[in-house]
file entry06.cif (mmCIF, C-alpha atoms)
data_entry
#
loop_
_atom_site.group_PDB
_atom_site.id
_atom_site.type_symbol
_atom_site.label_atom_id
_atom_site.label_comp_id
_atom_site.auth_asym_id
_atom_site.auth_seq_id
_atom_site.Cartn_x
_atom_site.Cartn_y
_atom_site.Cartn_z
ATOM 1 C CA MET A 1 4.645 27.739 3.127
ATOM 2 C CA PRO A 2 1.727 29.583 4.761
ATOM 3 C CA SER A 3 2.152 30.810 8.328
ATOM 4 C CA PRO A 4 1.416 27.917 10.711
ATOM 5 C CA ILE A 5 -1.996 27.899 12.376
ATOM 6 C CA PRO A 6 -1.836 27.009 16.081
ATOM 7 C CA ILE A 7 -4.186 24.271 17.293
ATOM 8 C CA THR A 8 -4.842 23.974 21.026
ATOM 9 C CA ASP A 9 -8.181 22.138 21.020
ATOM 10 C CA PRO A 10 -8.223 18.475 19.906
ATOM 11 C CA ASP A 11 -11.869 18.948 18.864
ATOM 12 C CA ASP A 12 -11.090 21.810 16.485
ATOM 13 C CA GLU A 13 -13.043 21.033 13.307
ATOM 14 C CA ARG A 14 -10.211 22.279 11.099
ATOM 15 C CA ILE A 15 -8.185 19.161 11.901
ATOM 16 C CA ALA A 16 -11.031 16.644 11.552
ATOM 17 C CA ASP A 17 -9.033 14.728 8.926
ATOM 18 C CA TYR A 18 -6.634 13.579 11.652
ATOM 19 C CA ARG A 19 -9.083 12.530 14.337
ATOM 20 C CA ALA A 20 -8.902 9.000 15.816
ATOM 21 C CA LEU A 21 -6.348 7.647 13.341
ATOM 22 C CA THR A 22 -6.198 4.277 15.119
ATOM 23 C CA ASP A 23 -9.938 3.641 14.669
ATOM 24 C CA LEU A 24 -10.016 1.534 11.506
ATOM 25 C CA GLU A 25 -13.788 1.521 11.150
ATOM 26 C CA LEU A 26 -14.023 5.296 11.531
ATOM 27 C CA ARG A 27 -11.143 5.894 9.119
ATOM 28 C CA THR A 28 -12.713 3.584 6.537
ATOM 29 C CA ARG A 29 -15.925 5.598 6.746
ATOM 30 C CA TRP A 30 -14.060 8.925 6.592
ATOM 31 C CA GLU A 31 -11.097 8.628 4.218
ATOM 32 C CA PRO A 32 -12.239 7.007 0.927
ATOM 33 C CA PRO A 33 -15.665 8.748 0.892
ATOM 34 C CA ASN A 34 -13.924 12.097 1.392
ATOM 35 C CA GLY A 35 -11.251 11.262 -1.171
ATOM 36 C CA LEU A 36 -8.315 11.567 1.207
ATOM 37 C CA PHE A 37 -5.563 9.583 2.878
ATOM 38 C CA ILE A 38 -3.121 10.299 5.683
ATOM 39 C CA ALA A 39 0.665 10.251 5.334
ATOM 40 C CA GLU A 40 2.737 9.853 8.503
ATOM 41 C CA GLY A 41 6.281 11.147 8.746
ATOM 42 C CA GLU A 42 8.332 13.592 6.714
ATOM 43 C CA LEU A 43 9.803 10.968 4.376
ATOM 44 C CA VAL A 44 6.394 9.557 3.437
ATOM 45 C CA LEU A 45 4.948 13.050 3.046
ATOM 46 C CA ARG A 46 7.682 14.028 0.603
ATOM 47 C CA ARG A 47 7.321 10.803 -1.373
ATOM 48 C CA ALA A 48 3.593 11.483 -1.745
ATOM 49 C CA LEU A 49 4.362 14.980 -3.019
ATOM 50 C CA ARG A 50 6.947 13.660 -5.489
ATOM 51 C CA ALA A 51 4.398 11.124 -6.737
ATOM 52 C CA GLY A 52 2.047 14.000 -7.589
ATOM 53 C CA TYR A 53 -0.516 13.725 -4.815
ATOM 54 C CA ARG A 54 -2.033 17.068 -3.791
ATOM 55 C CA VAL A 55 -1.810 17.943 -0.105
ATOM 56 C CA ARG A 56 -4.965 19.074 1.735
ATOM 57 C CA SER A 57 -3.297 20.102 4.971
ATOM 58 C CA VAL A 58 -0.354 19.376 7.259
ATOM 59 C CA LEU A 59 -0.476 18.761 11.007
ATOM 60 C CA VAL A 60 2.888 19.031 12.723
ATOM 61 C CA ASP A 61 4.439 19.056 16.164
ATOM 62 C CA GLU A 62 5.104 22.755 16.808
ATOM 63 C CA LYS A 63 8.740 21.871 17.576
ATOM 64 C CA ARG A 64 9.205 20.375 14.092
ATOM 65 C CA LEU A 65 7.934 23.170 11.881
ATOM 66 C CA ARG A 66 11.346 23.475 10.247
ATOM 67 C CA GLN A 67 10.828 20.014 8.710
ATOM 68 C CA VAL A 68 7.972 21.298 6.547
ATOM 69 C CA ASN A 69 8.946 24.928 5.962
ATOM 70 C CA ASP A 70 10.060 24.242 2.379
ATOM 71 C CA LEU A 71 6.983 22.447 1.043
ATOM 72 C CA GLY A 72 6.060 25.378 -1.173
ATOM 73 C CA ASP A 73 2.347 24.645 -1.062
ATOM 74 C CA ASP A 74 -0.664 26.780 -0.187
ATOM 75 C CA ALA A 75 -2.320 24.083 1.947
ATOM 76 C CA PRO A 76 -2.805 25.056 5.601
ATOM 77 C CA VAL A 77 -0.181 23.945 8.107
ATOM 78 C CA TYR A 78 -1.518 23.299 11.603
ATOM 79 C CA ALA A 79 0.904 23.250 14.541
ATOM 80 C CA ALA A 80 0.164 21.689 17.917
ATOM 81 C CA SER A 81 1.943 20.476 21.008
ATOM 82 C CA GLN A 82 2.798 16.791 21.301
ATOM 83 C CA ALA A 83 0.032 16.343 23.867
ATOM 84 C CA VAL A 84 -2.580 17.869 21.571
ATOM 85 C CA LEU A 85 -1.335 15.808 18.613
ATOM 86 C CA ASP A 86 -1.695 12.635 20.654
ATOM 87 C CA ALA A 87 -5.194 13.626 21.791
ATOM 88 C CA ILE A 88 -6.285 14.340 18.222
ATOM 89 C CA THR A 89 -4.941 11.152 16.669
ATOM 90 C CA GLY A 90 -5.309 8.667 19.505
ATOM 91 C CA PHE A 91 -1.655 7.583 19.531
ATOM 92 C CA HIS A 92 1.790 8.997 20.208
ATOM 93 C CA VAL A 93 2.843 10.723 16.993
ATOM 94 C CA HIS A 94 6.555 10.169 17.472
ATOM 95 C CA ARG A 95 7.417 11.203 13.898
ATOM 96 C CA GLY A 96 5.790 14.564 14.556
ATOM 97 C CA VAL A 97 4.500 15.147 11.018
ATOM 98 C CA LEU A 98 1.170 14.168 9.464
ATOM 99 C CA ALA A 99 -0.402 15.263 6.210
ATOM 100 C CA SER A 100 -3.799 14.804 4.608
ATOM 101 C CA PHE A 101 -3.676 14.216 0.847
ATOM 102 C CA HIS A 102 -6.253 14.104 -1.911
ATOM 103 C CA ARG A 103 -6.630 10.678 -3.502
ATOM 104 C CA ARG A 104 -6.433 10.252 -7.259
ATOM 105 C CA PRO A 105 -8.709 8.096 -9.419
ATOM 106 C CA LEU A 106 -7.386 4.557 -9.623
ATOM 107 C CA PRO A 107 -6.365 3.230 -13.019
ATOM 108 C CA THR A 108 -8.342 0.338 -14.422
ATOM 109 C CA ALA A 109 -6.968 -3.181 -14.395
ATOM 110 C CA ALA A 110 -6.752 -2.973 -18.200
ATOM 111 C CA GLU A 111 -4.490 0.073 -17.936
ATOM 112 C CA ILE A 112 -2.188 -1.745 -15.524
ATOM 113 C CA LEU A 113 -2.030 -4.796 -17.792
ATOM 114 C CA VAL A 114 -0.993 -2.772 -20.835
ATOM 115 C CA GLY A 115 2.083 -1.283 -19.197
ATOM 116 C CA ALA A 116 3.321 -4.182 -17.086
ATOM 117 C CA ARG A 117 5.624 -7.133 -17.611
ATOM 118 C CA ARG A 118 5.476 -8.599 -14.073
ATOM 119 C CA LEU A 119 2.483 -8.376 -11.745
ATOM 120 C CA ALA A 120 1.484 -9.311 -8.234
ATOM 121 C CA ILE A 121 -2.163 -10.222 -7.678
ATOM 122 C CA LEU A 122 -3.443 -10.258 -4.086
ATOM 123 C CA GLU A 123 -6.535 -12.146 -2.954
ATOM 124 C CA ASP A 124 -8.253 -11.272 0.355
ATOM 125 C CA VAL A 125 -5.100 -9.713 1.840
ATOM 126 C CA ASN A 126 -6.817 -7.507 4.391
ATOM 127 C CA ASN A 127 -3.984 -6.940 6.853
ATOM 128 C CA HIS A 128 -2.677 -3.408 6.320
ATOM 129 C CA THR A 129 0.835 -4.238 7.494
ATOM 130 C CA ASN A 130 1.091 -7.052 4.947
ATOM 131 C CA ILE A 131 -0.307 -4.841 2.185
ATOM 132 C CA GLY A 132 2.321 -2.191 2.889
ATOM 133 C CA ALA A 133 5.148 -4.716 3.056
ATOM 134 C CA VAL A 134 4.087 -6.356 -0.224
ATOM 135 C CA PHE A 135 4.082 -2.976 -1.984
ATOM 136 C CA ARG A 136 7.514 -2.139 -0.596
ATOM 137 C CA GLY A 137 8.858 -5.458 -1.860
ATOM 138 C CA ALA A 138 7.188 -4.963 -5.246
ATOM 139 C CA ALA A 139 8.827 -1.560 -5.652
ATOM 140 C CA ALA A 140 12.231 -2.713 -4.444
ATOM 141 C CA LEU A 141 12.441 -5.936 -6.427
ATOM 142 C CA GLY A 142 11.062 -4.963 -9.824
ATOM 143 C CA MET A 143 7.343 -5.749 -10.034
ATOM 144 C CA ASP A 144 5.483 -3.414 -12.361
ATOM 145 C CA GLY A 145 2.049 -3.357 -10.752
ATOM 146 C CA VAL A 146 -0.334 -4.863 -8.221
ATOM 147 C CA LEU A 147 -3.893 -6.030 -8.798
ATOM 148 C CA LEU A 148 -6.170 -6.405 -5.782
ATOM 149 C CA SER A 149 -9.221 -8.575 -5.273
ATOM 150 C CA PRO A 150 -12.256 -6.576 -4.069
ATOM 151 C CA THR A 151 -11.754 -7.677 -0.446
ATOM 152 C CA CYS A 152 -8.126 -6.549 -0.100
ATOM 153 C CA ALA A 153 -7.258 -3.777 2.342
ATOM 154 C CA ASP A 154 -6.770 -0.178 1.229
ATOM 155 C CA PRO A 155 -3.114 0.440 0.221
ATOM 156 C CA LEU A 156 -3.534 4.124 1.137
ATOM 157 C CA TYR A 157 -4.599 3.453 4.729
ATOM 158 C CA ARG A 158 -2.078 5.163 7.028
ATOM 159 C CA ARG A 159 -0.506 1.957 8.354
ATOM 160 C CA SER A 160 -0.088 0.483 4.868
ATOM 161 C CA VAL A 161 1.513 3.692 3.632
ATOM 162 C CA ARG A 162 3.864 3.840 6.627
ATOM 163 C CA VAL A 163 4.945 0.188 6.420
ATOM 164 C CA SER A 164 5.602 0.595 2.700
ATOM 165 C CA MET A 165 7.711 3.702 3.460
ATOM 166 C CA GLY A 166 5.668 5.487 0.823
ATOM 167 C CA GLU A 167 6.355 2.907 -1.899
ATOM 168 C CA VAL A 168 2.600 2.448 -2.387
ATOM 169 C CA PHE A 169 2.923 5.694 -4.357
ATOM 170 C CA ALA A 170 5.534 4.152 -6.666
ATOM 171 C CA VAL A 171 3.717 0.967 -7.734
ATOM 172 C CA PRO A 172 0.607 1.272 -9.939
ATOM 173 C CA TYR A 173 -2.341 -0.713 -8.647
ATOM 174 C CA ALA A 174 -5.978 -1.392 -9.457
ATOM 175 C CA ARG A 175 -8.918 -3.451 -8.263
ATOM 176 C CA LEU A 176 -9.548 -6.611 -10.282
ATOM 177 C CA GLU A 177 -13.271 -7.339 -10.600
ATOM 178 C CA PRO A 178 -15.289 -9.481 -10.806
ATOM 179 C CA TRP A 179 -13.267 -11.931 -8.755
ATOM 180 C CA PRO A 180 -11.997 -14.467 -9.681
ATOM 181 C CA ALA A 181 -13.514 -14.355 -13.187
ATOM 182 C CA ALA A 182 -11.405 -11.310 -14.104
ATOM 183 C CA LEU A 183 -8.256 -13.443 -13.870
ATOM 184 C CA ASP A 184 -9.138 -14.488 -17.419
ATOM 185 C CA GLU A 185 -8.547 -10.861 -18.435
ATOM 186 C CA VAL A 186 -5.017 -11.114 -17.061
ATOM 187 C CA ARG A 187 -4.371 -14.305 -19.019
ATOM 188 C CA ARG A 188 -5.751 -12.781 -22.234
ATOM 189 C CA ALA A 189 -3.281 -9.925 -21.801
ATOM 190 C CA GLY A 190 -0.459 -12.454 -22.167
ATOM 191 C CA PHE A 191 0.394 -13.200 -18.537
ATOM 192 C CA THR A 192 1.043 -16.612 -16.994
ATOM 193 C CA LEU A 193 -0.937 -16.915 -13.762
ATOM 194 C CA LEU A 194 1.256 -18.391 -11.011
ATOM 195 C CA ALA A 195 -0.532 -19.396 -7.803
ATOM 196 C CA MET A 196 1.663 -19.363 -4.694
ATOM 197 C CA THR A 197 0.653 -22.337 -2.552
ATOM 198 C CA PRO A 198 2.346 -24.923 -0.312
ATOM 199 C CA ALA A 199 0.439 -27.713 -2.085
ATOM 200 C CA PRO A 200 2.602 -30.837 -2.520
ATOM 201 C CA ASP A 201 2.225 -30.780 -6.310
ATOM 202 C CA ALA A 202 3.304 -27.136 -6.672
ATOM 203 C CA LEU A 203 6.374 -26.454 -8.796
ATOM 204 C CA PRO A 204 9.415 -25.006 -6.997
ATOM 205 C CA ILE A 205 9.440 -21.428 -8.231
ATOM 206 C CA GLN A 206 13.073 -21.543 -9.313
ATOM 207 C CA LEU A 207 12.180 -24.279 -11.847
ATOM 208 C CA LEU A 208 9.821 -22.135 -13.921
ATOM 209 C CA THR A 209 10.540 -22.184 -17.635
ATOM 210 C CA ALA A 210 11.624 -19.136 -19.604
ATOM 211 C CA GLU A 211 8.171 -18.999 -21.154
ATOM 212 C CA GLN A 212 6.473 -19.018 -17.742
ATOM 213 C CA ARG A 213 8.821 -16.254 -16.566
ATOM 214 C CA ALA A 214 8.270 -14.036 -19.592
ATOM 215 C CA ARG A 215 5.166 -12.261 -18.233
ATOM 216 C CA PRO A 216 4.382 -13.691 -14.788
ATOM 217 C CA ALA A 217 1.393 -12.694 -12.667
ATOM 218 C CA LEU A 218 1.970 -14.027 -9.159
ATOM 219 C CA LEU A 219 -1.146 -14.756 -7.085
ATOM 220 C CA LEU A 220 -0.781 -14.430 -3.308
ATOM 221 C CA GLY A 221 -3.455 -15.155 -0.697
ATOM 222 C CA ALA A 222 -4.242 -13.960 2.795
ATOM 223 C CA GLU A 223 -2.154 -14.883 5.813
ATOM 224 C CA GLY A 224 -3.112 -18.332 7.051
ATOM 225 C CA ALA A 225 -5.911 -19.054 4.604
ATOM 226 C CA GLY A 226 -3.813 -18.673 1.475
ATOM 227 C CA LEU A 227 -5.396 -18.630 -1.955
ATOM 228 C CA THR A 228 -8.927 -19.894 -2.405
ATOM 229 C CA ALA A 229 -9.534 -23.050 -4.409
ATOM 230 C CA ALA A 230 -11.176 -20.924 -7.099
ATOM 231 C CA ALA A 231 -8.092 -18.742 -7.517
ATOM 232 C CA ILE A 232 -5.788 -21.759 -7.695
ATOM 233 C CA ALA A 233 -8.074 -23.419 -10.240
ATOM 234 C CA ALA A 234 -7.982 -20.264 -12.367
ATOM 235 C CA SER A 235 -4.176 -20.203 -12.436
ATOM 236 C CA ASP A 236 -1.852 -21.735 -15.011
ATOM 237 C CA GLN A 237 0.721 -23.111 -12.587
ATOM 238 C CA ALA A 238 0.938 -23.634 -8.826
ATOM 239 C CA VAL A 239 4.337 -22.603 -7.452
ATOM 240 C CA VAL A 240 6.037 -22.947 -4.086
ATOM 241 C CA ILE A 241 9.125 -21.645 -2.316
ATOM 242 C CA PRO A 242 10.931 -24.768 -1.084
ATOM 243 C CA MET A 243 11.010 -24.833 2.724
ATOM 244 C CA GLN A 244 13.556 -26.286 5.133
ATOM 245 C CA ALA A 245 13.484 -27.648 8.703
ATOM 246 C CA GLY A 246 9.809 -28.591 8.587
ATOM 247 C CA VAL A 247 8.554 -25.031 8.109
ATOM 248 C CA ASP A 248 5.488 -25.130 5.872
ATOM 249 C CA SER A 249 5.243 -21.506 4.737
ATOM 250 C CA LEU A 250 6.302 -17.881 5.160
ATOM 251 C CA ASN A 251 4.390 -14.744 6.045
ATOM 252 C CA VAL A 252 2.718 -13.509 2.865
ATOM 253 C CA ALA A 253 4.908 -10.397 2.666
ATOM 254 C CA ALA A 254 8.099 -12.428 3.163
ATOM 255 C CA ALA A 255 6.976 -15.011 0.604
ATOM 256 C CA ALA A 256 6.141 -12.218 -1.834
ATOM 257 C CA ALA A 257 9.619 -10.713 -1.483
ATOM 258 C CA VAL A 258 11.359 -14.039 -2.136
ATOM 259 C CA ALA A 259 9.127 -14.761 -5.130
ATOM 260 C CA PHE A 260 9.497 -11.237 -6.538
ATOM 261 C CA TRP A 261 13.277 -11.574 -6.415
ATOM 262 C CA GLU A 262 13.147 -14.920 -8.181
ATOM 263 C CA LEU A 263 10.780 -13.672 -10.907
ATOM 264 C CA CYS A 264 12.736 -10.471 -11.513
ATOM 265 C CA ARG A 265 16.307 -11.753 -11.332
ATOM 266 C CA GLU A 266 18.361 -11.851 -14.472
ATOM 267 C CA ALA A 267 19.100 -15.369 -15.669
#
call {"tool": "encode", "arguments": {"input": "entry06.cif", "output": "C-alpha cells"}}
result
Amino acid sequence: MPSPIPITDPDDERIADYRALTDLELRTRWEPPNGLFIAEGELVLRRALRAGYRVRSVLVDEKRLRQVNDLGDDAPVYAASQAVLDAITGFHVHRGVLASFHRRPLPTAAEILVGARRLAILEDVNNHTNIGAVFRGAAALGMDGVLLSPTCADPLYRRSVRVSMGEVFAVPYARLEPWPAALDEVRRAGFTLLAMTPAPDALPIQLLTAEQRARPALLLGAEGAGLTAAAIAASDQAVVIPMQAGVDSLNVAAAAAVAFWELCREA
C-alpha cells in the first residue's frame, strides 16, 4: 500500500469523489458520469476488490489505517481525522473506511438471460435501501440475475451497496429496455414471467407448477404502487404470497426474499 496522504482540508480537490455523499442529486450527477461508485466500510471494500472492481482511491480515518494496509494496490490512500471525514462526506463515517471504485460496463440483458435459470425483474424500484436489500436476498437465496426497468435506482449508489453488504457485486444485473416491451425478450429466452401482486385472482406462489418453476422470472414493483398494469398484462402468471391477519402486502424487499426462497427451494 502506498504511504498514506494526510488530508486536513475538507475542500481538498484530491478527495472530491467523497464530497457530500448524502446529496443524492449531486452524487447522481457525479458518480455515473465519472464512472465511479463509493464503497463504505472495510467488508464492502474487500468484496468489491474480490469481485474485480478497480479501486481509484481510499479515504480512511487516520486511526484505522491498519484496516487497509494490506490492500496491495497502487491507488492513493488518504487519511483524515474523524472530524474532517464528517465534513467531507456530510455524515458521521462511523465505519471509518471509504473507497472510490471504477465502474465496469454493464452486461446486456441478453447476456444475463443466457446464463440464468432464475431471475428477478424490478419495475420502478427507486428506493436505494430496497434495491440493496433485494440484491442481498437474491444473492443469499439463489437468484441468478436481476433485470432493472429504466427507472430503477442505481444498485451501485453507496446506500444500495451498503444495505446489500456488497452483494450487489455478486449478482449480475442489466437494464431491460424498452420497458415493458422488452419483457417479450425474457419470455423468448424460455422464462415464465411471474408478476407479484396482491390481486385477488393471483395464484399463491407455492402452488406454481413444475413447468412454471423451471425458469421463473419474478416481476416486482415499487413500494406502494406495485407493478404497473402494463407489466402485469405482459406477464404469464400473477402470483401472491398468502397473507394473514388482514395484512395486504409486505415491503418489496421482504416479499422478494420470501418469493426467492420459494422459487429456489428444492422440491
call {"tool": "closest_residue", "arguments": {"input": "entry06.cif", "among": "A:Leu194, A:Ala189, A:Ala222, A:Ala182", "to": "Arg117 in chain A", "atoms": "only C-alpha atoms"}}
result
A:Ala189
call {"tool": "residues_near_point", "arguments": {"input": "entry06.cif", "point": "(6.3, -10.7, -8.0)", "cutoff": "8 Å", "atoms": "all atoms listed in the file", "output": "PyMOL selection string"}}
result
chain A and resi 118-120+138+141-143+216-218+256-257+259-261+263-264
call {"tool": "closest_residue", "arguments": {"input": "entry06.cif", "among": "A:Leu45, A:Val55, A:Asn127, A:Arg136", "to": "Leu98 in chain A", "atoms": "only C-alpha atoms"}}
result
A:Leu45
call {"tool": "resolve_selection", "arguments": {"input": "entry06.cif", "expression": "the PyMOL selection byres ((chain A and resi 170-175) around 8)", "output": "JSON, numbers by chain"}}
result
{"A": [51, 106, 107, 108, 109, 112, 135, 138, 139, 143, 144, 145, 146, 147, 148, 149, 150, 166, 167, 168, 169, 176, 177]}
call {"tool": "residues_around", "arguments": {"input": "entry06.cif", "residues": "range 68-70 of chain A", "least_positions_apart": "4", "cutoff": "10 Å", "atoms": "all atoms listed in the file", "output": "ChimeraX atom specification"}}
result
/A:1-4,42,45-46,58-60,64,77,97
call {"tool": "resolve_selection", "arguments": {"input": "entry06.cif", "expression": "the PyMOL selection byres ((chain A and resi 21-34) around 9)", "output": "MDAnalysis selection string"}}
result
chainID A and resid 17:20 35:38 88:91 102:103 154 157:158
call {"tool": "write_last_selection", "arguments": {"input": "entry06.cif", "atoms": "C-alpha atoms", "output": "short mmCIF file (atom, residue, chain, number, x, y, z; two decimals), in the frame of the given file"}}
result
data_model
loop_
_atom_site.label_atom_id
_atom_site.label_comp_id
_atom_site.auth_asym_id
_atom_site.auth_seq_id
_atom_site.Cartn_x
_atom_site.Cartn_y
_atom_site.Cartn_z
CA ASP A 17 -9.03 14.73 8.93
CA TYR A 18 -6.63 13.58 11.65
CA ARG A 19 -9.08 12.53 14.34
CA ALA A 20 -8.90 9.00 15.82
CA GLY A 35 -11.25 11.26 -1.17
CA LEU A 36 -8.32 11.57 1.21
CA PHE A 37 -5.56 9.58 2.88
CA ILE A 38 -3.12 10.30 5.68
CA ILE A 88 -6.28 14.34 18.22
CA THR A 89 -4.94 11.15 16.67
CA GLY A 90 -5.31 8.67 19.50
CA PHE A 91 -1.66 7.58 19.53
CA HIS A 102 -6.25 14.10 -1.91
CA ARG A 103 -6.63 10.68 -3.50
CA ASP A 154 -6.77 -0.18 1.23
CA TYR A 157 -4.60 3.45 4.73
CA ARG A 158 -2.08 5.16 7.03
#
call {"tool": "atom_distance", "arguments": {"input": "entry06.cif", "atom1": "CA of Glu223 in chain A", "atom2": "CA of Glu123 in chain A"}}
result
10.2 Å
call {"tool": "atom_distance", "arguments": {"input": "entry06.cif", "atom1": "CA of Arg188 in chain A", "atom2": "CA of Ala230 in chain A"}}
result
18.0 Å
call {"tool": "atom_distance", "arguments": {"input": "entry06.cif", "atom1": "CA of Leu193 in chain A", "atom2": "CA of Asp236 in chain A"}}
result
5.1 Å
call {"tool": "closest_residue", "arguments": {"input": "entry06.cif", "among": "A:Ala87, A:Leu219, A:Leu49, A:Val258", "to": "Ala195 in chain A", "atoms": "only C-alpha atoms"}}
result
A:Leu219
call {"tool": "closest_residue", "arguments": {"input": "entry06.cif", "among": "A:Ala214, A:Met196, A:Leu220, A:Ala48", "to": "Ala238 in chain A", "atoms": "only C-alpha atoms"}}
result
A:Met196
call {"tool": "closest_residue", "arguments": {"input": "entry06.cif", "among": "A:Ala210, A:Thr192, A:Gln237, A:Val125", "to": "Gly224 in chain A", "atoms": "all atoms listed in the file"}}
result
A:Val125
call {"tool": "closest_residue", "arguments": {"input": "entry06.cif", "among": "A:Leu183, A:Gly226, A:Tyr78, A:Ser57", "to": "Asn126 in chain A", "atoms": "only C-alpha atoms"}}
result
A:Gly226
call {"tool": "axis_aligned_box", "arguments": {"input": "entry06.cif", "around": "range 75-89 of chain A", "padding_each_side": "3 Å", "output": "AutoDock Vina command-line options"}}
result
--center_x -1.7 --center_y 18.1 --center_z 12.9 --size_x 15.1 --size_y 19.9 --size_z 27.9
call {"tool": "resolve_selection", "arguments": {"input": "entry06.cif", "expression": "the PyMOL selection byres ((chain A and resi 203) around 7)", "output": "list in words"}}
result
Asp201, Ala202, Pro204, Ile205, Leu207, Ala238, Val239 and Val240 of chain A
call {"tool": "residues_around", "arguments": {"input": "entry06.cif", "residues": "Ala231 in chain A", "least_positions_apart": "3", "cutoff": "8 Å", "atoms": "all atoms listed in the file", "output": "mmCIF file with C-alpha atoms, keeping the file's coordinate frame"}}
result
data_model
loop_
_atom_site.group_PDB
_atom_site.id
_atom_site.type_symbol
_atom_site.label_atom_id
_atom_site.label_comp_id
_atom_site.auth_asym_id
_atom_site.auth_seq_id
_atom_site.Cartn_x
_atom_site.Cartn_y
_atom_site.Cartn_z
ATOM 1 C CA PRO A 180 -11.997 -14.467 -9.681
ATOM 2 C CA ALA A 195 -0.532 -19.396 -7.803
ATOM 3 C CA LEU A 227 -5.396 -18.630 -1.955
ATOM 4 C CA THR A 228 -8.927 -19.894 -2.405
ATOM 5 C CA ALA A 234 -7.982 -20.264 -12.367
ATOM 6 C CA SER A 235 -4.176 -20.203 -12.436
#
call {"tool": "residues_around", "arguments": {"input": "entry06.cif", "residues": "Asn130 in chain A", "least_positions_apart": "3", "cutoff": "7 Å", "atoms": "all atoms listed in the file", "output": "PyMOL selection string"}}
result
chain A and resi 127+133-134+252-253
call {"tool": "decode", "arguments": {"input": "entry06.cif", "residues": "range 99-112 of chain A", "atoms": "N, CA, C and O atoms", "output": "compact mmCIF listing (two decimals), in the first residue's frame"}}
result
# COMPACT_ATOMS: atom_id res chain seq x y z
N ALA A 99 -14.05 3.99 -0.01
CA ALA A 99 -13.22 3.79 -1.20
C ALA A 99 -14.00 4.19 -2.44
O ALA A 99 -15.22 3.97 -2.51
N SER A 100 -13.31 4.77 -3.38
CA SER A 100 -13.88 5.11 -4.68
C SER A 100 -13.41 4.06 -5.68
O SER A 100 -12.20 3.78 -5.78
N PHE A 101 -14.36 3.46 -6.40
CA PHE A 101 -14.05 2.40 -7.36
C PHE A 101 -14.46 2.80 -8.77
O PHE A 101 -15.41 3.56 -8.96
N HIS A 102 -13.77 2.26 -9.74
CA HIS A 102 -14.15 2.40 -11.13
C HIS A 102 -15.30 1.45 -11.44
O HIS A 102 -15.25 0.27 -11.09
N ARG A 103 -16.33 1.95 -12.09
CA ARG A 103 -17.41 1.08 -12.57
C ARG A 103 -16.92 0.23 -13.74
O ARG A 103 -15.92 0.55 -14.38
N ARG A 104 -17.67 -0.83 -14.01
CA ARG A 104 -17.40 -1.65 -15.19
C ARG A 104 -18.60 -1.56 -16.12
O ARG A 104 -19.72 -1.29 -15.68
N PRO A 105 -18.40 -1.78 -17.41
CA PRO A 105 -19.56 -1.79 -18.33
C PRO A 105 -20.57 -2.84 -17.90
O PRO A 105 -20.21 -3.96 -17.54
N LEU A 106 -21.84 -2.47 -17.93
CA LEU A 106 -22.88 -3.43 -17.59
C LEU A 106 -23.05 -4.46 -18.70
O LEU A 106 -22.92 -4.13 -19.88
N PRO A 107 -23.35 -5.70 -18.34
CA PRO A 107 -23.72 -6.66 -19.39
C PRO A 107 -25.05 -6.26 -20.02
O PRO A 107 -25.80 -5.45 -19.47
N THR A 108 -25.34 -6.83 -21.15
CA THR A 108 -26.65 -6.62 -21.77
C THR A 108 -27.66 -7.56 -21.14
O THR A 108 -27.29 -8.57 -20.52
N ALA A 109 -28.93 -7.24 -21.31
CA ALA A 109 -29.97 -8.14 -20.82
C ALA A 109 -29.84 -9.51 -21.47
O ALA A 109 -30.02 -10.54 -20.82
N ALA A 110 -29.48 -9.54 -22.76
CA ALA A 110 -29.33 -10.82 -23.46
C ALA A 110 -28.25 -11.67 -22.82
O ALA A 110 -28.40 -12.90 -22.71
N GLU A 111 -27.17 -11.05 -22.38
CA GLU A 111 -26.10 -11.81 -21.73
C GLU A 111 -26.55 -12.37 -20.39
O GLU A 111 -26.18 -13.50 -20.02
N ILE A 112 -27.35 -11.63 -19.66
CA ILE A 112 -27.89 -12.14 -18.40
C ILE A 112 -28.82 -13.32 -18.66
O ILE A 112 -28.77 -14.35 -17.96
